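Data from protein-v8.txt: compact mmCIF, C-alpha atoms
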# COMPACT_ATOMS: atom_id res chain seq x y z
CA MET A 1 0.00 0.00 0.00
CA VAL A 2 1.07 3.58 -0.66
CA LYS A 3 0.26 6.27 1.88
CA VAL A 4 -1.44 9.26 0.25
CA ARG A 5 -1.49 12.60 2.02
CA GLN A 6 -4.03 15.17 0.87
CA TRP A 7 -5.19 18.61 1.88
CA THR A 8 -8.94 18.83 2.40
CA ARG A 9 -11.43 21.63 2.99
CA PRO A 10 -14.03 20.17 5.39
CA GLN A 11 -16.06 23.39 5.58
CA PRO A 12 -16.64 26.22 3.11
CA PHE A 13 -14.22 29.14 3.34
CA GLN A 14 -15.55 32.03 5.39
CA ALA A 15 -14.41 35.59 4.63
CA GLU A 16 -10.62 35.87 4.75
CA ILE A 17 -9.08 32.42 4.46
CA ASN A 18 -6.37 31.08 6.74
CA GLU A 19 -4.26 27.96 6.90
CA ASN A 20 -6.46 26.38 9.57
CA ASP A 21 -9.30 26.11 7.04
CA LEU A 22 -7.40 23.22 5.45
CA LYS A 23 -6.92 19.82 7.08
CA LEU A 24 -4.42 17.09 6.28
CA PHE A 25 -5.92 13.67 5.62
CA GLU A 26 -4.15 10.36 4.98
CA GLU A 27 -5.33 7.23 3.22
CA GLU A 28 -3.74 4.27 1.50
CA VAL A 29 -4.04 3.10 -2.09
CA PRO A 30 -2.98 -0.35 -3.33
CA GLU A 31 0.30 -0.87 -5.16
CA ASN A 32 -1.05 -3.94 -6.94
CA LEU A 33 -2.35 -2.20 -10.02
CA GLN A 34 -5.04 -3.42 -12.36
CA PRO A 35 -4.50 -3.40 -16.13
CA GLY A 36 -4.55 0.17 -17.44
CA GLU A 37 -3.90 1.78 -14.05
CA VAL A 38 -1.10 4.26 -13.36
CA LEU A 39 0.26 5.25 -9.94
CA LEU A 40 1.85 8.67 -9.79
CA GLU A 41 3.66 10.89 -7.29
CA SER A 42 3.21 14.65 -7.29
CA VAL A 43 6.38 16.57 -8.12
CA TYR A 44 5.00 20.11 -8.37
CA LEU A 45 1.55 21.38 -7.40
CA SER A 46 -0.13 24.61 -8.39
CA VAL A 47 -1.92 27.03 -6.10
CA ASP A 48 -4.11 29.64 -7.79
CA PRO A 49 -6.59 32.28 -6.63
CA TYR A 50 -9.49 30.68 -8.49
CA MET A 51 -9.39 27.81 -5.98
CA ARG A 52 -10.82 30.22 -3.42
CA VAL A 53 -14.13 30.67 -5.23
CA HIS A 54 -14.64 27.32 -6.93
CA ASP A 55 -16.53 24.76 -4.87
CA GLU A 56 -15.33 21.79 -6.87
CA LEU A 57 -13.74 19.42 -4.37
CA VAL A 58 -12.38 15.93 -5.01
CA GLY A 59 -13.89 12.83 -3.37
CA GLU A 60 -15.61 12.13 -0.09
CA GLN A 61 -12.85 13.81 1.93
CA LYS A 62 -13.35 17.09 0.03
CA THR A 63 -9.79 17.27 -1.20
CA MET A 64 -8.82 20.63 -2.65
CA MET A 65 -8.94 20.74 -6.43
CA GLY A 66 -5.96 21.74 -8.50
CA GLU A 67 -3.46 20.88 -11.17
CA ALA A 68 -0.19 19.06 -10.58
CA CYS A 69 2.85 17.83 -12.43
CA LEU A 70 3.34 14.17 -11.49
CA LYS A 71 5.78 11.36 -12.26
CA VAL A 72 4.79 7.77 -12.96
CA ILE A 73 6.11 5.51 -10.19
CA LYS A 74 4.23 2.34 -11.10
CA THR A 75 2.29 1.44 -14.22
CA ARG A 76 0.27 -1.16 -16.01
CA ASN A 77 -0.47 1.16 -18.89
CA GLY A 78 1.78 1.09 -21.94
CA GLU A 79 1.08 4.73 -22.77
CA PHE A 80 2.69 5.87 -19.53
CA PRO A 81 6.07 4.22 -18.88
CA LEU A 82 7.86 4.48 -15.54
CA GLY A 83 9.24 7.96 -14.96
CA THR A 84 6.93 9.74 -17.41
CA LEU A 85 5.97 13.28 -16.42
CA VAL A 86 2.32 14.25 -16.82
CA ILE A 87 -0.12 17.01 -15.92
CA ALA A 88 -3.42 16.17 -14.22
CA PHE A 89 -6.19 17.76 -12.19
CA SER A 90 -5.37 15.35 -9.40
CA GLY A 91 -5.98 17.74 -6.51
CA TRP A 92 -3.81 18.55 -3.51
CA ARG A 93 -2.37 15.08 -2.87
CA THR A 94 1.04 13.46 -2.72
CA HIS A 95 0.05 10.49 -4.90
CA TYR A 96 -2.64 9.82 -7.45
CA LEU A 97 -4.05 6.62 -8.92
CA SER A 98 -5.34 6.94 -12.47
CA LYS A 99 -7.69 4.16 -13.50
CA ASP A 100 -7.01 4.28 -17.23
CA GLY A 101 -4.63 7.18 -17.97
CA LYS A 102 -7.30 9.17 -19.79
CA ASP A 103 -7.10 11.91 -17.17
CA LEU A 104 -3.33 12.30 -17.65
CA ARG A 105 -1.68 14.68 -20.14
CA PRO A 106 1.98 14.31 -21.10
CA ILE A 107 3.84 17.63 -21.10
CA PRO A 108 3.27 18.80 -24.69
CA PHE A 109 6.73 20.23 -25.37
CA ASP A 110 10.39 19.37 -24.78
CA LEU A 111 11.59 20.73 -21.46
CA ASP A 112 15.28 20.79 -22.37
CA SER A 113 16.81 22.61 -19.37
CA LEU A 114 13.51 23.99 -18.06
CA SER A 115 12.02 22.83 -14.78
CA PRO A 116 8.87 20.70 -15.14
CA SER A 117 7.12 23.35 -13.04
CA VAL A 118 6.83 25.58 -16.11
CA ALA A 119 4.05 23.26 -17.32
CA LEU A 120 1.94 24.64 -14.45
CA GLY A 121 2.98 28.26 -14.95
CA VAL A 122 4.40 30.21 -17.85
CA LEU A 123 3.86 27.27 -20.24
CA GLY A 124 0.77 25.96 -18.48
CA MET A 125 -2.63 27.24 -17.48
CA THR A 126 -1.49 30.65 -16.25
CA GLY A 127 0.65 31.37 -19.31
CA LEU A 128 -2.15 30.29 -21.62
CA THR A 129 -4.60 32.46 -19.67
CA ALA A 130 -2.33 35.43 -20.30
CA TYR A 131 -1.95 34.56 -23.99
CA PHE A 132 -5.64 34.19 -24.82
CA GLY A 133 -6.86 36.93 -22.49
CA PHE A 134 -4.42 39.34 -24.10
CA ARG A 135 -5.48 38.26 -27.58
CA LEU A 136 -9.09 39.12 -26.72
CA LEU A 137 -7.99 42.73 -26.29
CA GLU A 138 -7.26 42.96 -30.03
CA PRO A 139 -4.05 44.87 -29.26
CA LYS A 140 -2.50 47.24 -31.77
CA VAL A 141 0.98 48.74 -31.96
CA GLY A 142 1.03 51.97 -29.98
CA ASP A 143 -1.89 51.08 -27.70
CA VAL A 144 -1.60 51.98 -24.01
CA CYS A 145 -2.09 48.89 -21.86
CA VAL A 146 -2.81 48.64 -18.12
CA VAL A 147 -2.29 45.38 -16.24
CA ASN A 148 -3.07 45.01 -12.54
CA GLY A 149 -1.76 42.13 -10.47
CA ALA A 150 1.16 42.74 -12.81
CA ALA A 151 3.77 40.84 -10.82
CA GLY A 152 1.62 37.74 -10.59
CA ALA A 153 1.66 34.58 -12.66
CA VAL A 154 -0.72 35.91 -15.32
CA GLY A 155 -0.12 39.65 -15.21
CA SER A 156 3.65 39.39 -15.63
CA ILE A 157 3.18 37.40 -18.84
CA VAL A 158 0.47 39.71 -20.19
CA GLY A 159 2.74 42.73 -19.80
CA GLN A 160 5.58 41.06 -21.66
CA LEU A 161 3.31 39.91 -24.49
CA ALA A 162 2.11 43.49 -24.77
CA LYS A 163 5.68 44.80 -25.00
CA LEU A 164 6.50 42.24 -27.68
CA LYS A 165 3.47 43.54 -29.59
CA GLY A 166 4.64 47.15 -29.39
CA LEU A 167 2.33 48.51 -26.69
CA THR A 168 3.09 50.96 -23.91
CA VAL A 169 2.69 48.88 -20.75
CA ILE A 170 1.67 50.17 -17.33
CA GLY A 171 1.70 47.70 -14.45
CA PHE A 172 0.32 47.92 -10.93
CA ALA A 173 1.73 45.75 -8.14
CA GLY A 174 1.86 45.72 -4.35
CA SER A 175 5.48 46.47 -3.48
CA ASP A 176 8.42 48.58 -4.68
CA GLU A 177 10.44 45.40 -5.18
CA LYS A 178 7.82 43.97 -7.51
CA CYS A 179 7.64 47.23 -9.44
CA GLN A 180 11.40 47.25 -9.91
CA TRP A 181 11.23 43.71 -11.30
CA LEU A 182 8.54 44.78 -13.76
CA THR A 183 10.48 47.75 -15.13
CA LYS A 184 14.07 46.53 -14.90
CA GLU A 185 13.70 42.88 -15.91
CA LEU A 186 10.38 42.66 -17.75
CA LYS A 187 10.78 46.09 -19.40
CA PHE A 188 7.38 47.49 -18.48
CA ASP A 189 7.27 51.18 -19.36
CA TYR A 190 5.77 52.08 -16.00
CA ALA A 191 5.10 50.20 -12.77
CA PHE A 192 3.29 51.68 -9.79
CA ASN A 193 2.91 50.49 -6.23
CA TYR A 194 -0.84 50.83 -5.76
CA LYS A 195 -0.32 51.08 -1.99
CA LYS A 196 1.61 54.33 -2.45
CA ILE A 197 -0.07 56.13 -5.35
CA SER A 198 -3.64 56.51 -6.47
CA LEU A 199 -4.75 55.11 -9.79
CA GLU A 200 -5.70 58.60 -10.90
CA ASP A 201 -2.29 60.13 -10.13
CA ALA A 202 -0.45 57.21 -11.73
CA LEU A 203 -2.42 57.43 -14.97
CA LYS A 204 -2.15 61.22 -15.16
CA LYS A 205 1.56 60.57 -15.56
CA ALA A 206 1.57 57.39 -17.61
CA ALA A 207 -1.62 57.61 -19.70
CA PRO A 208 -2.83 61.22 -19.92
CA LYS A 209 -4.85 60.47 -23.09
CA GLY A 210 -6.52 57.38 -21.64
CA VAL A 211 -6.01 53.61 -21.68
CA ASP A 212 -6.72 51.59 -24.81
CA VAL A 213 -6.56 48.08 -23.35
CA PHE A 214 -6.94 46.92 -19.76
CA PHE A 215 -6.27 43.40 -18.48
CA ASP A 216 -8.03 43.05 -15.13
CA ASN A 217 -6.93 40.50 -12.52
CA VAL A 218 -8.17 42.45 -9.49
CA GLY A 219 -11.73 43.67 -10.01
CA GLY A 220 -13.43 45.74 -7.31
CA ASN A 221 -12.64 49.44 -6.99
CA PHE A 222 -9.76 49.24 -9.46
CA PHE A 223 -12.02 47.89 -12.20
CA HIS A 224 -14.78 50.37 -11.46
CA GLU A 225 -12.46 53.37 -11.58
CA MET A 226 -10.85 52.20 -14.80
CA VAL A 227 -14.23 51.91 -16.54
CA THR A 228 -15.61 55.20 -15.26
CA LYS A 229 -12.53 57.44 -15.47
CA HIS A 230 -9.56 56.14 -17.41
CA MET A 231 -10.48 54.22 -20.56
CA ALA A 232 -10.01 55.81 -23.97
CA ARG A 233 -12.85 55.76 -26.46
CA CYS A 234 -13.30 52.27 -27.99
CA GLY A 235 -11.16 50.81 -25.23
CA ARG A 236 -11.11 47.05 -24.64
CA ILE A 237 -11.12 45.25 -21.30
CA SER A 238 -10.28 41.62 -20.62
CA LEU A 239 -11.75 40.32 -17.36
CA CYS A 240 -9.54 37.55 -16.03
CA GLY A 241 -10.00 37.63 -12.27
CA SER A 242 -11.29 39.59 -9.30
CA ILE A 243 -8.97 38.68 -6.45
CA SER A 244 -9.92 41.78 -4.45
CA ASN A 245 -13.42 40.30 -4.07
CA TYR A 246 -12.71 36.62 -3.46
CA ASN A 247 -12.89 36.95 0.32
CA ASP A 248 -16.06 39.06 0.29
CA THR A 249 -18.96 37.62 2.25
CA GLU A 250 -21.45 39.85 0.40
CA LYS A 251 -21.31 41.24 -3.10
CA GLN A 252 -20.09 44.84 -3.14
CA LYS A 253 -22.37 47.42 -4.68
CA PHE A 254 -21.07 50.05 -7.08
CA PRO A 255 -22.71 52.93 -8.96
CA GLN A 256 -23.92 51.88 -12.41
CA ILE A 257 -21.36 51.87 -15.20
CA ASN A 258 -23.49 51.09 -18.24
CA MET A 259 -23.55 54.70 -19.44
CA ASP A 260 -19.74 54.91 -19.27
CA ILE A 261 -19.51 51.73 -21.34
CA LEU A 262 -22.07 53.06 -23.80
CA PHE A 263 -20.74 56.59 -24.31
CA ASN A 264 -17.11 55.46 -24.56
CA ALA A 265 -17.97 52.48 -26.79
CA LEU A 266 -16.06 50.12 -24.52
CA THR A 267 -15.79 46.38 -25.05
CA LEU A 268 -15.63 44.10 -22.00
CA ARG A 269 -14.87 40.40 -22.34
CA GLY A 270 -14.89 37.84 -19.56
CA PHE A 271 -13.28 34.53 -20.41
CA ASN A 272 -12.28 31.08 -19.26
CA VAL A 273 -9.03 29.78 -20.69
CA TYR A 274 -10.51 26.36 -21.43
CA THR A 275 -12.75 27.99 -24.03
CA PHE A 276 -9.59 27.97 -26.16
CA GLN A 277 -8.47 24.43 -25.37
CA GLU A 278 -8.29 23.38 -29.01
CA GLU A 279 -5.75 26.16 -29.61
CA PHE A 280 -3.48 25.39 -26.66
CA GLN A 281 -0.82 23.68 -28.73
CA THR A 282 -0.72 26.52 -31.24
CA ALA A 283 -0.17 28.99 -28.42
CA LEU A 284 2.55 26.83 -26.86
CA ASN A 285 4.31 26.54 -30.21
CA GLU A 286 4.65 30.32 -30.08
CA MET A 287 5.44 30.69 -26.38
CA VAL A 288 7.93 27.84 -25.80
CA PRO A 289 10.65 29.31 -28.07
CA LEU A 290 10.20 32.72 -26.45
CA VAL A 291 10.73 31.22 -22.99
CA LYS A 292 13.73 29.16 -24.07
CA LYS A 293 15.32 32.23 -25.70
CA ASP A 294 14.63 34.25 -22.52
CA GLU A 295 12.48 36.66 -24.49
CA LEU A 296 9.53 35.78 -22.26
CA LYS A 297 10.77 35.83 -18.70
CA PHE A 298 9.13 34.29 -15.67
CA LYS A 299 9.60 33.97 -11.95
CA GLU A 300 8.41 31.27 -9.58
CA THR A 301 7.89 31.49 -5.83
CA VAL A 302 8.62 27.90 -4.86
CA PHE A 303 7.53 26.44 -1.52
CA GLU A 304 9.48 23.32 -0.54
CA GLY A 305 7.42 20.43 0.79
CA PHE A 306 3.83 19.25 0.48
CA ASP A 307 3.14 20.56 3.99
CA LYS A 308 3.50 24.10 2.59
CA MET A 309 0.36 23.90 0.43
CA PRO A 310 -1.83 25.96 2.83
CA LYS A 311 0.90 28.57 3.36
CA ALA A 312 1.44 28.95 -0.38
CA PHE A 313 -2.30 29.24 -1.01
CA VAL A 314 -3.08 31.77 1.71
CA GLY A 315 -0.06 33.82 0.64
CA LEU A 316 -1.66 34.47 -2.74
CA PHE A 317 -4.22 36.71 -1.07
CA LYS A 318 -1.55 38.62 0.83
CA GLY A 319 0.61 39.34 -2.20
CA GLU A 320 3.45 37.16 -0.92
CA ASN A 321 4.27 35.60 -4.29
CA THR A 322 6.07 37.08 -7.27
CA GLY A 323 5.19 35.30 -10.48
CA LYS A 324 3.79 31.80 -10.18
CA ALA A 325 3.35 30.20 -6.75
CA ILE A 326 4.44 26.56 -6.87
CA VAL A 327 4.76 23.84 -4.24
CA LYS A 328 7.56 21.31 -4.75
CA ALA A 329 6.41 18.04 -3.22
CA SER A 330 9.11 15.62 -4.42
CA SER A 331 12.22 15.47 -6.57
CA TYR A 332 12.55 14.71 -10.27
CA PRO A 333 13.94 12.57 -11.76
Show this structure as structure tokens.
Amino acid sequence: MVKVRQWTRPQPFQAEINENDLKLFEEEVPENLQPGEVLLESVYLSVDPYMRVHDELVGEQKTMMGEACLKVIKTRNGEFPLGTLVIAFSGWRTHYLSKDGKDLRPIPFDLDSLSPSVALGVLGMTGLTAYFGFRLLEPKVGDVCVVNGAAGAVGSIVGQLAKLKGLTVIGFAGSDEKCQWLTKELKFDYAFNYKKISLEDALKKAAPKGVDVFFDNVGGNFFHEMVTKHMARCGRISLCGSISNYNDTEKQKFPQINMDILFNALTLRGFNVYTFQEEFQTALNEMVPLVKKDELKFKETVFEGFDKMPKAFVGLFKGENTGKAIVKASSYP
């Protein structure tokens, strides 16, 4: 038997989450596999803000949902030899038993010298979210682009894609250190610490004629002010997330914005990255060479040890990560 440790959420999250909301549970799975089965060990696990608001839990123990990069440690499935790396929505667990391998996805590109963790980040769901969400903005050379949550896993990629496209990029993040990373390493044109400067003052300096495209990861007051005060005529907005609201116990109420949208001819698009699933490989064919040539940079905040899952997760809502937050649960190879 193999001991499987998993992080569970026995009760719904209430208001601001904390590590005590999550409980460690252990069970055993058999090592004597049936034909077609694959036993895997988690190498890297992803923590993402969306996990706060989605109620999809795994199994009777209410294991937290999520994507992981796993290695095959025992197999009776010819499609997945020993040592193969795969991606799966296996949840927050140290080991996973796949019944037939149909829920496993081999990493769809050659890693070369890259860490397998990139398949959860810059070349995984978050990178693809940035790619397709940015594409929805119909960006044009010379456009002024605002990205909030700009030092996060998605925002940092959006800003770089915008620079590669020839846009003026303005990022907002929560510390001076993050802002320096955005301008010095990622080559954002402007980066502002939203804790030290108002949105209005920042955009008076960086976008006096208005903002053409806005990629929103934050929602709340930031989104509302952008729509009502700072968008240029025919501006486009991509709605990716609303992390400022995820801990709300009641929906916040804002003055109506429909007239601002109407008079300024704004376009707002919400999206889910899996809408574009059939195009994932096309996007990766474009992004993988950029990453390998260091033309698309990324940063990972890596937490060592499966026990760090709650800490890594809660830290997302405190701005403790730069780039993608990843938990390393075991070694590879």
Q: Rounded to one decimal place, report the CA of Glu138 (chain A)-CA of Lys292 (chain A) distance in Å.
A: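 We find that CA of Glu138 (chain A) and CA of Lys292 (chain A) lie 25.8 Å from each other.
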Q. If we count only C-alpha atoms, what is near region 182-191 of chain A at a cut-off of 7 Å, once residues fewer than 6 positions away on the same chain are taken out, given as a list in words?
A.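 Final neighbour list, sorted by chain and number: Ala151, Gly159, Gln160, Thr168, Val169, Ile170, Gly171, Phe172, Ala206 and Lys297 of chain A.
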(Q) For a quick check of your reading of the model, name the residues lying within 9 Å of the coordinate (-15.5, 54.7, -15.9), counting all atoms listed in the file, and write them as a list in words. (A)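 Answer for this query, in the requested form: Phe223, His224, Glu225, Met226, Val227, Thr228, Lys229, His230, Met231, Ile257, Met259, Asp260, Ile261 and Asn264 of chain A.
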Q: Using only C-alpha atoms, collect all residues at a distance of at most 10 Å from (1.2, 9.2, -17.0) as written in the file, then present them as a PyMOL selection string.
A: chain A and resi 37-40+69-75+77-88+97-98+100-107
So that each row is one residue of region 33-84 of chain A with an atom at most 8 Å from region 310-324 of chain A, can you give its shortest atom pair and the distance in Å to one decimal, using only C-alpha atoms, rows by chain and rising number, as JSON lines?
{"residue": "A:Val47", "atom": "CA", "partner": "A:Phe313", "partner_atom": "CA", "distance": 5.6}
{"residue": "A:Asp48", "atom": "CA", "partner": "A:Phe313", "partner_atom": "CA", "distance": 7.0}
{"residue": "A:Pro49", "atom": "CA", "partner": "A:Leu316", "partner_atom": "CA", "distance": 6.7}
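Pairwise distance (CA of Val213 (chain A), CA of Ser238 (chain A)) equals 7.9 Å.
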Q.
Which residue is closest to Gly305 (chain A)? Choose from A:Phe214, A:Phe134, A:Tyr44, A:Phe263 and count all atoms listed in the file.
A.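 Nearest to Gly305 (chain A): A:Tyr44.
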Q. For Pro30 (chain A), which of A:Leu167, A:Leu114, A:Val4, A:Leu45 is the closest residue, counting only C-alpha atoms?
A.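 Nearest to Pro30 (chain A): A:Val4.
Closest to Val327 (chain A) among A:Pro255, A:Gly235, A:Gly66, A:Gly133 is A:Gly66, based on only C-alpha atoms.
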Q. Looking at all atoms listed in the file, which of A:Ser244, A:Phe25, A:Pro139, A:Tyr131 is the one that sits closest to Phe280 (chain A)?
A.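 When distances to Phe280 (chain A) are compared using all atoms listed in the file, the smallest one comes from A:Tyr131.
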Q) CA of Leu137 (chain A) and CA of Glu295 (chain A) are how many Å apart? A)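 According to the coordinates, CA of Leu137 (chain A) and CA of Glu295 (chain A) are separated by 21.4 Å.
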